[in-house]
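Dropping structure_32.cif in here (mmCIF, C-alpha atoms and all ligand atoms):
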```cif
data_final
#
loop_
_atom_site.group_PDB
_atom_site.id
_atom_site.type_symbol
_atom_site.label_atom_id
_atom_site.label_comp_id
_atom_site.auth_asym_id
_atom_site.auth_seq_id
_atom_site.Cartn_x
_atom_site.Cartn_y
_atom_site.Cartn_z
ATOM 1 C CA MET A 169 -17.531 7.737 -17.936
ATOM 2 C CA ASP A 170 -14.827 5.245 -17.123
ATOM 3 C CA ARG A 171 -12.968 6.281 -13.962
ATOM 4 C CA ARG A 172 -9.700 5.406 -15.706
ATOM 5 C CA GLU A 173 -10.135 8.360 -18.002
ATOM 6 C CA LYS A 174 -9.667 10.542 -14.938
ATOM 7 C CA LEU A 175 -6.550 9.456 -13.079
ATOM 8 C CA VAL A 176 -5.830 11.610 -10.033
ATOM 9 C CA LEU A 177 -2.583 11.516 -8.085
ATOM 10 C CA VAL A 178 -3.180 11.628 -4.336
ATOM 11 C CA THR A 179 0.033 12.281 -2.429
ATOM 12 C CA CYS A 180 0.581 11.901 1.300
ATOM 13 C CA THR A 181 4.086 12.375 2.670
ATOM 14 C CA SER A 182 3.294 11.035 6.124
ATOM 15 C CA GLU A 183 6.207 9.125 7.644
ATOM 16 C CA ILE A 184 5.221 8.980 11.306
ATOM 17 C CA CYS A 185 4.596 5.214 11.287
ATOM 18 C CA GLY A 186 7.853 3.875 9.878
ATOM 19 C CA ALA A 187 10.945 2.817 11.792
ATOM 20 C CA LYS A 188 13.351 5.029 9.859
ATOM 21 C CA ARG A 189 13.207 8.639 8.786
ATOM 22 C CA GLY A 190 13.078 9.942 5.217
ATOM 23 C CA VAL A 191 10.231 8.066 3.563
ATOM 24 C CA SER A 192 8.372 11.387 3.284
ATOM 25 C CA LEU A 193 10.916 12.174 0.543
ATOM 26 C CA GLY A 194 9.886 9.146 -1.531
ATOM 27 C CA ILE A 195 7.336 11.016 -3.617
ATOM 28 C CA GLY A 196 9.898 13.721 -4.302
ATOM 29 C CA ALA A 197 12.336 10.976 -5.326
ATOM 30 C CA MET A 198 9.851 9.779 -7.964
ATOM 31 C CA GLN A 199 9.215 13.359 -9.120
ATOM 32 C CA THR A 200 12.957 13.947 -9.367
ATOM 33 C CA ALA A 201 13.342 10.796 -11.468
ATOM 34 C CA ALA A 202 10.628 12.050 -13.832
ATOM 35 C CA ARG A 203 12.164 15.508 -14.154
ATOM 36 C CA GLN A 204 15.686 14.185 -14.665
ATOM 37 C CA ALA A 205 14.332 12.041 -17.474
ATOM 38 C CA GLY A 206 12.717 15.148 -18.955
ATOM 39 C CA LEU A 207 9.240 13.696 -18.568
ATOM 40 C CA GLY A 208 6.223 15.812 -17.747
ATOM 41 C CA PHE A 209 4.422 12.914 -16.107
ATOM 42 C CA PHE A 210 3.457 14.851 -12.998
ATOM 43 C CA SER A 211 1.962 17.693 -15.010
ATOM 44 C CA GLN A 212 -0.416 15.336 -16.826
ATOM 45 C CA PHE A 213 -2.611 14.636 -13.841
ATOM 46 C CA LEU A 214 -4.486 16.548 -11.242
ATOM 47 C CA THR A 215 -2.627 16.136 -7.938
ATOM 48 C CA ARG A 216 -4.299 16.254 -4.540
ATOM 49 C CA ARG A 217 -1.904 16.699 -1.643
ATOM 50 C CA VAL A 218 -2.850 15.411 1.775
ATOM 51 C CA PRO A 219 -0.966 17.287 4.517
ATOM 52 C CA ASP A 220 1.258 15.217 6.786
ATOM 53 C CA ALA A 221 1.990 15.718 10.479
ATOM 54 C CA ASN A 222 5.659 14.785 10.405
ATOM 55 C CA GLU A 223 6.552 17.532 12.880
ATOM 56 C CA VAL A 224 5.365 15.191 15.655
ATOM 57 C CA LEU A 225 8.560 13.218 15.003
ATOM 58 C CA ASP A 226 10.527 16.034 16.621
ATOM 59 C CA ALA A 227 9.317 14.762 19.987
ATOM 60 C CA PRO A 228 9.618 11.147 21.164
ATOM 61 C CA PRO A 229 6.561 8.924 20.751
ATOM 62 C CA LYS A 230 4.297 8.807 23.793
ATOM 63 C CA LYS A 231 2.444 5.599 22.926
ATOM 64 C CA PRO A 232 4.993 2.764 23.063
ATOM 65 C CA PHE A 233 2.895 0.200 21.190
ATOM 66 C CA ALA A 234 1.375 2.523 18.570
ATOM 67 C CA HIS A 235 3.812 5.337 17.887
ATOM 68 C CA TYR A 236 2.131 8.652 17.041
ATOM 69 C CA VAL A 237 -1.288 7.009 16.720
ATOM 70 C CA ASP A 238 -2.987 10.232 17.854
ATOM 71 C CA ALA A 239 -1.432 12.034 14.874
ATOM 72 C CA LEU A 240 -2.269 9.154 12.533
ATOM 73 C CA LEU A 241 -6.022 9.387 13.141
ATOM 74 C CA PRO A 242 -6.402 12.843 11.532
ATOM 75 C CA ILE A 243 -4.153 11.719 8.650
ATOM 76 C CA TYR A 244 -6.459 8.754 8.056
ATOM 77 C CA ASP A 245 -9.399 11.174 8.075
ATOM 78 C CA ARG A 246 -7.768 13.623 5.664
ATOM 79 C CA LEU A 247 -6.531 10.945 3.279
ATOM 80 C CA ALA A 248 -9.915 9.233 3.328
ATOM 81 C CA ALA A 249 -11.734 12.517 2.673
ATOM 82 C CA THR A 250 -9.485 13.324 -0.290
ATOM 83 C CA VAL A 251 -9.777 9.868 -1.840
ATOM 84 C CA ALA A 252 -13.541 9.904 -1.210
ATOM 85 C CA ASP A 253 -13.740 13.150 -3.219
ATOM 86 C CA VAL A 254 -11.812 11.594 -6.106
ATOM 87 C CA LEU A 255 -14.061 8.526 -6.130
ATOM 88 C CA GLN A 256 -17.159 10.690 -5.790
ATOM 89 C CA GLU A 257 -16.088 12.726 -8.809
ATOM 90 C CA GLY A 258 -15.715 9.556 -10.837
ATOM 91 C CA GLY A 259 -11.917 9.571 -10.743
ATOM 92 C CA PHE A 260 -9.357 6.845 -10.202
ATOM 93 C CA PRO A 261 -6.969 7.581 -7.303
ATOM 94 C CA ILE A 262 -3.300 6.680 -7.747
ATOM 95 C CA CYS A 263 -2.008 7.123 -4.208
ATOM 96 C CA LEU A 264 1.648 7.919 -3.631
ATOM 97 C CA THR A 265 2.381 7.564 0.028
ATOM 98 C CA GLY A 266 5.250 7.669 2.499
ATOM 99 C CA ASP A 267 4.990 4.864 5.004
ATOM 100 C CA HIS A 268 2.551 2.026 4.405
ATOM 101 C CA SER A 269 0.281 2.740 7.379
ATOM 102 C CA THR A 270 -1.821 4.667 4.838
ATOM 103 C CA GLY A 271 -2.997 1.406 3.239
ATOM 104 C CA GLY A 272 -5.519 1.005 6.054
ATOM 105 C CA ALA A 273 -7.060 4.408 5.327
ATOM 106 C CA LEU A 274 -7.325 3.599 1.635
ATOM 107 C CA ILE A 275 -9.110 0.308 2.281
ATOM 108 C CA ALA A 276 -11.428 2.131 4.706
ATOM 109 C CA VAL A 277 -12.398 4.860 2.283
ATOM 110 C CA ILE A 278 -13.104 2.438 -0.577
ATOM 111 C CA LYS A 279 -15.291 0.364 1.731
ATOM 112 C CA ARG A 280 -17.094 3.463 2.960
ATOM 113 C CA ALA A 281 -17.644 4.760 -0.572
ATOM 114 C CA PHE A 282 -19.003 1.422 -1.814
ATOM 115 C CA PRO A 283 -20.427 -0.361 1.262
ATOM 116 C CA ASP A 284 -22.453 -2.843 -0.788
ATOM 117 C CA GLN A 285 -19.559 -3.941 -2.996
ATOM 118 C CA ARG A 286 -17.312 -6.804 -1.986
ATOM 119 C CA LEU A 287 -13.767 -5.434 -1.804
ATOM 120 C CA GLY A 288 -10.653 -7.468 -2.545
ATOM 121 C CA VAL A 289 -7.160 -6.294 -1.642
ATOM 122 C CA ILE A 290 -3.941 -7.340 -3.385
ATOM 123 C CA TRP A 291 -1.016 -6.508 -1.093
ATOM 124 C CA VAL A 292 2.266 -6.623 -3.004
ATOM 125 C CA ASP A 293 4.795 -6.468 -0.169
ATOM 126 C CA ALA A 294 7.702 -8.339 1.432
ATOM 127 C CA HIS A 295 5.865 -8.013 4.749
ATOM 128 C CA ALA A 296 2.480 -9.048 6.098
ATOM 129 C CA ASP A 297 1.670 -5.759 7.917
ATOM 130 C CA LEU A 298 -0.583 -7.713 10.303
ATOM 131 C CA HIS A 299 0.650 -6.581 13.710
ATOM 132 C CA SER A 300 -1.491 -4.817 16.287
ATOM 133 C CA PRO A 301 -0.564 -2.718 19.340
ATOM 134 C CA TYR A 302 -1.009 -5.954 21.305
ATOM 135 C CA THR A 303 1.609 -7.898 19.324
ATOM 136 C CA THR A 304 3.997 -5.327 17.821
ATOM 137 C CA PRO A 305 7.652 -5.758 18.695
ATOM 138 C CA SER A 306 8.449 -2.192 17.531
ATOM 139 C CA GLY A 307 5.403 0.045 17.955
ATOM 140 C CA ASN A 308 5.708 1.142 14.315
ATOM 141 C CA MET A 309 2.272 1.331 12.777
ATOM 142 C CA HIS A 310 3.351 0.797 9.177
ATOM 143 C CA GLY A 311 3.333 -2.879 10.193
ATOM 144 C CA MET A 312 -0.350 -2.737 11.176
ATOM 145 C CA PRO A 313 -2.623 -1.537 8.328
ATOM 146 C CA LEU A 314 -3.983 -4.990 7.504
ATOM 147 C CA ALA A 315 -4.813 -5.734 11.149
ATOM 148 C CA ILE A 316 -6.797 -2.489 11.035
ATOM 149 C CA ALA A 317 -8.585 -3.570 7.854
ATOM 150 C CA LEU A 318 -9.268 -7.133 9.032
ATOM 151 C CA ASP A 319 -10.256 -5.915 12.516
ATOM 152 C CA VAL A 320 -7.925 -8.373 14.228
ATOM 153 C CA ASP A 321 -6.047 -7.744 17.493
ATOM 154 C CA ASN A 322 -4.441 -11.199 17.757
ATOM 155 C CA LEU A 323 -4.832 -11.396 21.540
ATOM 156 C CA GLU A 324 -3.792 -15.054 21.292
ATOM 157 C CA HIS A 325 -0.258 -13.705 20.904
ATOM 158 C CA GLN A 326 -0.528 -10.661 23.114
ATOM 159 C CA ARG A 327 2.850 -9.440 24.317
ATOM 160 C CA ASN A 328 1.998 -5.791 25.056
ATOM 161 C CA ASP A 329 -0.572 -4.146 27.272
ATOM 162 C CA PRO A 330 -1.527 -0.943 25.440
ATOM 163 C CA HIS A 331 -2.839 2.039 27.388
ATOM 164 C CA PRO A 332 -6.655 2.481 27.222
ATOM 165 C CA GLU A 333 -6.176 5.597 25.102
ATOM 166 C CA THR A 334 -4.098 3.611 22.607
ATOM 167 C CA ARG A 335 -6.815 0.943 22.518
ATOM 168 C CA ALA A 336 -9.459 3.580 21.843
ATOM 169 C CA HIS A 337 -7.420 5.043 18.968
ATOM 170 C CA TRP A 338 -6.807 1.576 17.563
ATOM 171 C CA GLU A 339 -10.504 0.752 17.688
ATOM 172 C CA ALA A 340 -11.311 4.042 15.972
ATOM 173 C CA LEU A 341 -8.987 3.101 13.120
ATOM 174 C CA GLN A 342 -10.578 -0.340 12.805
ATOM 175 C CA ALA A 343 -14.033 1.274 12.685
ATOM 176 C CA MET A 344 -13.171 3.679 9.877
ATOM 177 C CA GLY A 345 -14.642 1.605 7.071
ATOM 178 C CA GLY A 346 -18.192 1.962 8.420
ATOM 179 C CA VAL A 347 -18.517 -1.827 8.588
ATOM 180 C CA GLN A 348 -16.271 -4.052 10.666
ATOM 181 C CA PRO A 349 -14.231 -5.674 9.433
ATOM 182 C CA MET A 350 -13.859 -3.522 6.344
ATOM 183 C CA LEU A 351 -12.076 -6.433 4.656
ATOM 184 C CA GLN A 352 -12.659 -10.193 4.895
ATOM 185 C CA PRO A 353 -9.527 -12.356 5.167
ATOM 186 C CA GLN A 354 -10.559 -14.477 2.186
ATOM 187 C CA ASP A 355 -10.573 -11.280 0.108
ATOM 188 C CA LEU A 356 -6.925 -10.420 0.875
ATOM 189 C CA ILE A 357 -3.998 -11.859 -1.091
ATOM 190 C CA PHE A 358 -0.277 -11.250 -0.546
ATOM 191 C CA ILE A 359 2.201 -11.246 -3.403
ATOM 192 C CA GLY A 360 5.944 -11.192 -2.710
ATOM 193 C CA LEU A 361 5.525 -12.018 0.982
ATOM 194 C CA ARG A 362 8.754 -13.319 2.512
ATOM 195 C CA SER A 363 9.334 -11.650 5.891
ATOM 196 C CA TYR A 364 6.889 -11.913 8.766
ATOM 197 C CA GLU A 365 6.821 -12.759 12.445
ATOM 198 C CA ALA A 366 5.262 -15.722 14.243
ATOM 199 C CA GLU A 367 2.294 -13.594 15.337
ATOM 200 C CA GLU A 368 1.564 -12.719 11.735
ATOM 201 C CA ALA A 369 2.145 -16.293 10.533
ATOM 202 C CA TYR A 370 -0.511 -17.375 13.013
ATOM 203 C CA LEU A 371 -3.070 -14.981 11.529
ATOM 204 C CA ILE A 372 -2.212 -16.067 7.976
ATOM 205 C CA ARG A 373 -2.726 -19.708 8.993
ATOM 206 C CA GLN A 374 -5.790 -19.119 11.133
ATOM 207 C CA HIS A 375 -7.595 -17.107 8.460
ATOM 208 C CA GLU A 376 -6.103 -19.098 5.570
ATOM 209 C CA ILE A 377 -4.954 -15.889 3.915
ATOM 210 C CA ARG A 378 -3.614 -16.661 0.456
ATOM 211 C CA HIS A 379 -0.080 -15.638 -0.403
ATOM 212 C CA HIS A 380 2.262 -16.019 -3.345
ATOM 213 C CA GLY A 381 6.011 -15.859 -2.762
ATOM 214 C CA VAL A 382 8.626 -14.533 -5.136
ATOM 215 C CA GLU A 383 10.123 -17.860 -6.242
ATOM 216 C CA GLY A 384 6.759 -19.450 -6.918
ATOM 217 C CA ALA A 385 5.592 -16.436 -8.881
ATOM 218 C CA ARG A 386 8.801 -16.404 -10.877
ATOM 219 C CA ARG A 387 8.459 -20.116 -11.687
ATOM 220 C CA ARG A 388 4.842 -19.829 -12.671
ATOM 221 C CA GLY A 389 5.348 -16.570 -14.562
ATOM 222 C CA MET A 390 4.304 -13.129 -13.366
ATOM 223 C CA GLU A 391 1.327 -12.811 -15.673
ATOM 224 C CA ALA A 392 0.125 -16.285 -14.725
ATOM 225 C CA VAL A 393 0.368 -15.551 -11.000
ATOM 226 C CA ALA A 394 -1.464 -12.247 -11.446
ATOM 227 C CA GLN A 395 -4.214 -14.010 -13.398
ATOM 228 C CA ARG A 396 -4.438 -16.609 -10.682
ATOM 229 C CA VAL A 397 -4.786 -13.948 -7.974
ATOM 230 C CA LEU A 398 -7.512 -12.218 -9.968
ATOM 231 C CA ARG A 399 -9.315 -15.567 -10.270
ATOM 232 C CA GLU A 400 -8.906 -16.228 -6.550
ATOM 233 C CA LEU A 401 -10.690 -12.919 -5.975
ATOM 234 C CA SER A 402 -13.390 -13.652 -8.537
ATOM 235 C CA ALA A 403 -16.115 -13.180 -5.898
ATOM 236 C CA CYS A 404 -15.002 -9.584 -5.309
ATOM 237 C CA ASP A 405 -16.696 -6.682 -7.079
ATOM 238 C CA GLN A 406 -13.857 -4.222 -6.565
ATOM 239 C CA LEU A 407 -10.115 -4.466 -6.060
ATOM 240 C CA PHE A 408 -7.446 -2.301 -4.446
ATOM 241 C CA VAL A 409 -3.792 -2.898 -5.373
ATOM 242 C CA SER A 410 -1.207 -1.686 -2.854
ATOM 243 C CA PHE A 411 2.391 -1.858 -4.073
ATOM 244 C CA ASP A 412 5.091 -1.610 -1.403
ATOM 245 C CA VAL A 413 8.414 -1.169 -3.202
ATOM 246 C CA ASP A 414 10.078 -3.495 -0.687
ATOM 247 C CA SER A 415 8.422 -6.308 -2.629
ATOM 248 C CA MET A 416 11.321 -5.744 -5.028
ATOM 249 C CA ASP A 417 14.885 -6.899 -4.589
ATOM 250 C CA PRO A 418 17.266 -4.530 -2.751
ATOM 251 C CA VAL A 419 20.280 -5.570 -4.830
ATOM 252 C CA ARG A 420 18.727 -5.955 -8.255
ATOM 253 C CA VAL A 421 16.397 -2.932 -7.983
ATOM 254 C CA GLY A 422 17.442 -0.703 -5.089
ATOM 255 C CA ASP A 423 17.669 -0.504 -1.310
ATOM 256 C CA GLY A 424 15.957 2.871 -0.948
ATOM 257 C CA THR A 425 13.196 1.588 1.345
ATOM 258 C CA GLY A 426 12.819 1.266 5.113
ATOM 259 C CA THR A 427 12.849 -2.504 5.527
ATOM 260 C CA PRO A 428 14.493 -4.120 2.487
ATOM 261 C CA VAL A 429 14.367 -7.911 2.269
ATOM 262 C CA SER A 430 16.546 -9.950 -0.071
ATOM 263 C CA GLY A 431 15.021 -12.248 -2.646
ATOM 264 C CA GLY A 432 12.492 -9.823 -4.111
ATOM 265 C CA PHE A 433 11.087 -9.193 -7.558
ATOM 266 C CA THR A 434 13.022 -7.507 -10.333
ATOM 267 C CA GLU A 435 11.624 -4.282 -11.746
ATOM 268 C CA GLY A 436 10.593 -6.153 -14.885
ATOM 269 C CA GLU A 437 8.730 -8.764 -12.872
ATOM 270 C CA ALA A 438 6.963 -6.107 -10.811
ATOM 271 C CA GLY A 439 6.018 -4.333 -14.039
ATOM 272 C CA LEU A 440 4.477 -7.459 -15.553
ATOM 273 C CA LEU A 441 2.636 -8.172 -12.327
ATOM 274 C CA LEU A 442 1.196 -4.673 -12.011
ATOM 275 C CA ARG A 443 0.261 -4.510 -15.687
ATOM 276 C CA THR A 444 -1.773 -7.693 -15.464
ATOM 277 C CA LEU A 445 -3.404 -6.725 -12.164
ATOM 278 C CA LEU A 446 -4.281 -3.180 -13.227
ATOM 279 C CA ARG A 447 -5.877 -4.345 -16.464
ATOM 280 C CA ASP A 448 -8.676 -5.856 -14.402
ATOM 281 C CA PRO A 449 -11.531 -3.356 -14.630
ATOM 282 C CA ARG A 450 -12.507 -4.079 -11.023
ATOM 283 C CA VAL A 451 -9.421 -2.246 -9.722
ATOM 284 C CA VAL A 452 -10.622 1.094 -8.293
ATOM 285 C CA ALA A 453 -7.460 2.409 -6.636
ATOM 286 C CA PHE A 454 -3.696 1.844 -6.682
ATOM 287 C CA GLU A 455 -1.005 2.729 -4.141
ATOM 288 C CA VAL A 456 2.783 3.002 -4.475
ATOM 289 C CA THR A 457 4.509 3.287 -1.107
ATOM 290 C CA GLU A 458 7.693 3.133 1.034
ATOM 291 C CA VAL A 459 10.283 4.721 -1.288
ATOM 292 C CA ASN A 460 13.020 6.176 0.942
ATOM 293 C CA PRO A 461 15.801 7.900 -1.011
ATOM 294 C CA THR A 462 17.789 8.707 2.160
ATOM 295 C CA LEU A 463 18.517 4.989 2.572
ATOM 296 C CA ASP A 464 19.389 4.366 -1.078
ATOM 297 C CA THR A 465 23.048 3.413 -1.471
ATOM 298 C CA GLY A 466 22.702 3.668 -5.246
ATOM 299 C CA GLY A 467 21.754 7.330 -5.579
ATOM 300 C CA ASN A 468 18.068 7.406 -6.414
ATOM 301 C CA ARG A 469 17.758 3.884 -7.819
ATOM 302 C CA MET A 470 14.547 2.974 -6.002
ATOM 303 C CA GLY A 471 12.909 6.328 -6.763
ATOM 304 C CA GLU A 472 13.738 5.869 -10.438
ATOM 305 C CA ALA A 473 12.447 2.287 -10.516
ATOM 306 C CA ALA A 474 9.279 3.277 -8.653
ATOM 307 C CA PHE A 475 8.719 6.142 -11.066
ATOM 308 C CA ARG A 476 9.109 3.899 -14.125
ATOM 309 C CA LEU A 477 6.603 1.461 -12.636
ATOM 310 C CA LEU A 478 4.240 4.314 -11.797
ATOM 311 C CA GLU A 479 4.453 5.655 -15.332
ATOM 312 C CA ARG A 480 3.830 2.229 -16.867
ATOM 313 C CA SER A 481 0.980 1.611 -14.448
ATOM 314 C CA ALA A 482 -0.678 4.902 -15.368
ATOM 315 C CA ALA A 483 -0.267 3.984 -19.050
ATOM 316 C CA THR A 484 -1.872 0.602 -18.419
ATOM 317 C CA LEU A 485 -4.812 2.254 -16.673
ATOM 318 C CA GLN A 486 -5.207 4.826 -19.440
ATOM 319 C CA GLY A 487 -4.910 2.132 -22.097
ATOM 320 C CA GLN A 488 -7.709 0.261 -20.406
ATOM 321 C CA ALA A 489 -9.824 3.404 -20.359
ATOM 322 C CA ALA A 490 -9.383 3.889 -24.098
ATOM 323 C CA GLY A 491 -10.073 0.225 -24.695
ATOM 324 C CA VAL A 492 -6.706 -0.311 -26.326
ATOM 325 C CA ARG A 493 -3.701 -2.271 -25.156
ATOM 326 C CA PRO A 494 -0.928 0.097 -24.156
ATOM 327 C CA VAL A 495 2.395 -0.355 -25.870
ATOM 328 C CA GLU A 496 4.894 -1.165 -23.166
ATOM 329 C CA GLY A 497 8.390 -2.530 -23.012
HETATM 330 MN MN MN A 501 4.192 -2.736 3.655
#
```
Could you show the structure in this file as structure tokens?
Ligand SMILES: [Mn+2]
Amino acid sequence: MDRREKLVLVTCTSEICGAKRGVSLGIGAMQTAARQAGLGFFSQFLTRRVPDANEVLDAPPKKPFAHYVDALLPIYDRLAATVADVLQEGGFPICLTGDHSTGGALIAVIKRAFPDQRLGVIWVDAHADLHSPYTTPSGNMHGMPLAIALDVDNLEHQRNDPHPETRAHWEALQAMGGVQPMLQPQDLIFIGLRSYEAEEAYLIRQHEIRHHGVEGARRRGMEAVAQRVLRELSACDQLFVSFDVDSMDPVRVGDGTGTPVSGGFTEGEAGLLLRTLLRDPRVVAFEVTEVNPTLDTGGNRMGEAAFRLLERSAATLQGQAAGVRPVEG
């Protein structure tokens, strides 16, 4: 059976790794958008909820360079176990998450489930998420999932001296995929990247990580850039698409996200991009992340946009399963 015939929503409201509060409400913001539109989208799929540990936020972080990392480890384990179950049962996980630290757990569980398959990751995001406890200016771990996946510490740009316990936690996260690194840099591609620090720029240069900016993608055409990315990952057997809503434009789409960056994609562009990417049968999991309705100055604009993209993405995946092209606007 095609996994796409069995889409499963995996939700994790963890927000302990972002800079601002409220991203745990992002999934609810998408559900609210669906219900206000009178759509039963969320009743169509089995939903697996992964418990968060957001109560740790009621006390200040103890690890300055990896905030709440001790609480993140069990979340990685729980999220990985849930997604592993879905994959094991032949399902396709659509992961709705709070802050983007979860991306590292998702890469780890795919790698662990299919150790012999070459995994490619398409990271649709304004940011590079390549910091480590050694380089982070903030200590917020939603900026670190790809350094976990690539097993890089970037000691060349070390500015912090993490406590041995923090180092041990960090190494445990990097080891979660069973093989280290769980992702090769040539198998990672950024789309929408436009805000990153010198430490991250160094890693992108050093490892020659491919990236496609917004303007270039717009010029070339969203479908063309998606096709190109899929070609660039032609050596990969499996793909994971992680969609951070901050890849989209805060003015044209919505500013309901923790770290909005101007000059992003429109909703239509993001839709075309995701449709083309998700049609590739190698895609085994999809993530939508970082919707924060408490920061949205336009009501629930970002939650509504994210929901529409989620709905279209699910339709694309189902259309692929049935072997027919979905009808989409
Ligand atoms: Mn991100």
Would you mind listing, for every residue of chain A within 9 Å of ligand MN 501 (chain A), the two atoms forming the shortest contact and the distance between them in Å to one decimal, using only C-alpha atoms and all ligand atoms, sorted by chain and ascending residue number, as a Markdown table?
```
| residue | atom | partner | partner_atom | distance |
| --- | --- | --- | --- | --- |
| A:Asp267 | CA | A:MN501 | MN | 7.8 |
| A:His268 | CA | A:MN501 | MN | 5.1 |
| A:Ser269 | CA | A:MN501 | MN | 7.7 |
| A:Gly271 | CA | A:MN501 | MN | 8.3 |
| A:Trp291 | CA | A:MN501 | MN | 8.0 |
| A:Val292 | CA | A:MN501 | MN | 7.9 |
| A:Asp293 | CA | A:MN501 | MN | 5.4 |
| A:Ala294 | CA | A:MN501 | MN | 7.0 |
| A:His295 | CA | A:MN501 | MN | 5.6 |
| A:Ala296 | CA | A:MN501 | MN | 7.0 |
| A:Asp297 | CA | A:MN501 | MN | 5.8 |
| A:His310 | CA | A:MN501 | MN | 6.6 |
| A:Gly311 | CA | A:MN501 | MN | 6.6 |
| A:Met312 | CA | A:MN501 | MN | 8.8 |
| A:Pro313 | CA | A:MN501 | MN | 8.3 |
| A:Ser410 | CA | A:MN501 | MN | 8.5 |
| A:Phe411 | CA | A:MN501 | MN | 8.0 |
| A:Asp412 | CA | A:MN501 | MN | 5.3 |
| A:Val413 | CA | A:MN501 | MN | 8.2 |
| A:Asp414 | CA | A:MN501 | MN | 7.4 |
| A:Ser415 | CA | A:MN501 | MN | 8.4 |
| A:Thr427 | CA | A:MN501 | MN | 8.9 |
| A:Thr457 | CA | A:MN501 | MN | 7.7 |
| A:Glu458 | CA | A:MN501 | MN | 7.3 |
```
Keeping C-alpha atoms, export the residues of the selection given above as a compact mmCIF listing (two decimals), in the frame of the given file.
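The result, stored in again-v6.txt:
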```
# COMPACT_ATOMS: atom_id res chain seq x y z
CA ASP A 267 4.99 4.86 5.00
CA HIS A 268 2.55 2.03 4.40
CA SER A 269 0.28 2.74 7.38
CA GLY A 271 -3.00 1.41 3.24
CA TRP A 291 -1.02 -6.51 -1.09
CA VAL A 292 2.27 -6.62 -3.00
CA ASP A 293 4.80 -6.47 -0.17
CA ALA A 294 7.70 -8.34 1.43
CA HIS A 295 5.86 -8.01 4.75
CA ALA A 296 2.48 -9.05 6.10
CA ASP A 297 1.67 -5.76 7.92
CA HIS A 310 3.35 0.80 9.18
CA GLY A 311 3.33 -2.88 10.19
CA MET A 312 -0.35 -2.74 11.18
CA PRO A 313 -2.62 -1.54 8.33
CA SER A 410 -1.21 -1.69 -2.85
CA PHE A 411 2.39 -1.86 -4.07
CA ASP A 412 5.09 -1.61 -1.40
CA VAL A 413 8.41 -1.17 -3.20
CA ASP A 414 10.08 -3.50 -0.69
CA SER A 415 8.42 -6.31 -2.63
CA THR A 427 12.85 -2.50 5.53
CA THR A 457 4.51 3.29 -1.11
CA GLU A 458 7.69 3.13 1.03
```
If you count only C-alpha atoms, which residues fall within 8 Å of Thr465 of chain A, apart from same-chain ones fewer than 3 positions away, as a PDB file with C-alpha atoms, keeping the file's coordinate frame?
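Full text of part_17.pdb as output:
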```
ATOM      1  CA  GLY A 422      17.442  -0.703  -5.089  1.00  0.00           C
ATOM      2  CA  ASP A 423      17.669  -0.504  -1.310  1.00  0.00           C
ATOM      3  CA  GLY A 424      15.957   2.871  -0.948  1.00  0.00           C
TER       4      GLY A 424
END
```
Using all atoms listed in the file, tabulate the residues of segment 314-352 of chain A lying at most 10 Å from any atom of segment 229-250 of chain A, each with its closest atom pair and that distance in Å to one decimal, by chain and increasing residue number, as JSON lines.
```
{"residue": "A:Asn328", "atom": "CA", "partner": "A:Phe233", "partner_atom": "CA", "distance": 7.2}
{"residue": "A:Asp329", "atom": "CA", "partner": "A:Phe233", "partner_atom": "CA", "distance": 8.2}
{"residue": "A:Pro330", "atom": "CA", "partner": "A:Phe233", "partner_atom": "CA", "distance": 6.2}
{"residue": "A:His331", "atom": "CA", "partner": "A:Lys231", "partner_atom": "CA", "distance": 7.8}
{"residue": "A:Glu333", "atom": "CA", "partner": "A:Lys231", "partner_atom": "CA", "distance": 8.9}
{"residue": "A:Thr334", "atom": "CA", "partner": "A:Lys231", "partner_atom": "CA", "distance": 6.8}
{"residue": "A:Arg335", "atom": "CA", "partner": "A:Ala234", "partner_atom": "CA", "distance": 9.2}
{"residue": "A:His337", "atom": "CA", "partner": "A:Val237", "partner_atom": "CA", "distance": 6.8}
{"residue": "A:Trp338", "atom": "CA", "partner": "A:Val237", "partner_atom": "CA", "distance": 7.8}
{"residue": "A:Ala340", "atom": "CA", "partner": "A:Leu241", "partner_atom": "CA", "distance": 8.0}
{"residue": "A:Leu341", "atom": "CA", "partner": "A:Leu241", "partner_atom": "CA", "distance": 7.0}
{"residue": "A:Met344", "atom": "CA", "partner": "A:Asp245", "partner_atom": "CA", "distance": 8.6}
{"residue": "A:Gly345", "atom": "CA", "partner": "A:Ala248", "partner_atom": "CA", "distance": 9.7}
```
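Among the candidates A:Ile357, A:Val452, A:Val421, A:Leu440, the residue lying nearest to Val251 of chain A is A:Val452 (atoms considered: only C-alpha atoms).
With distances restricted to only C-alpha atoms, A:Asp417 is the closest residue to Arg469 of chain A from A:Glu437, A:Asp321, A:Asp417, A:Glu391.
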Ground truth for the PyMOL selection byres (((chain A and resi 446) around 10) and not hetatm), written as a ChimeraX atom specification: /A:394,407-409,441-445,447-454,481-482,484-485,488
Students should find that atom CA of Arg189 of chain A and atom CA of Gly432 of chain A are spaced 22.5 Å
Spell out the residues picked by the PyMOL selection byres (((chain A and resi 175) around 7) and not hetatm) here, as a VMD selection string. chain A and resid 172 to 174 176 to 177 213 259 to 262
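Here atom CA of Gly307 of chain A stands at a distance of 24.4 Å from atom CA of Cys263 of chain A.
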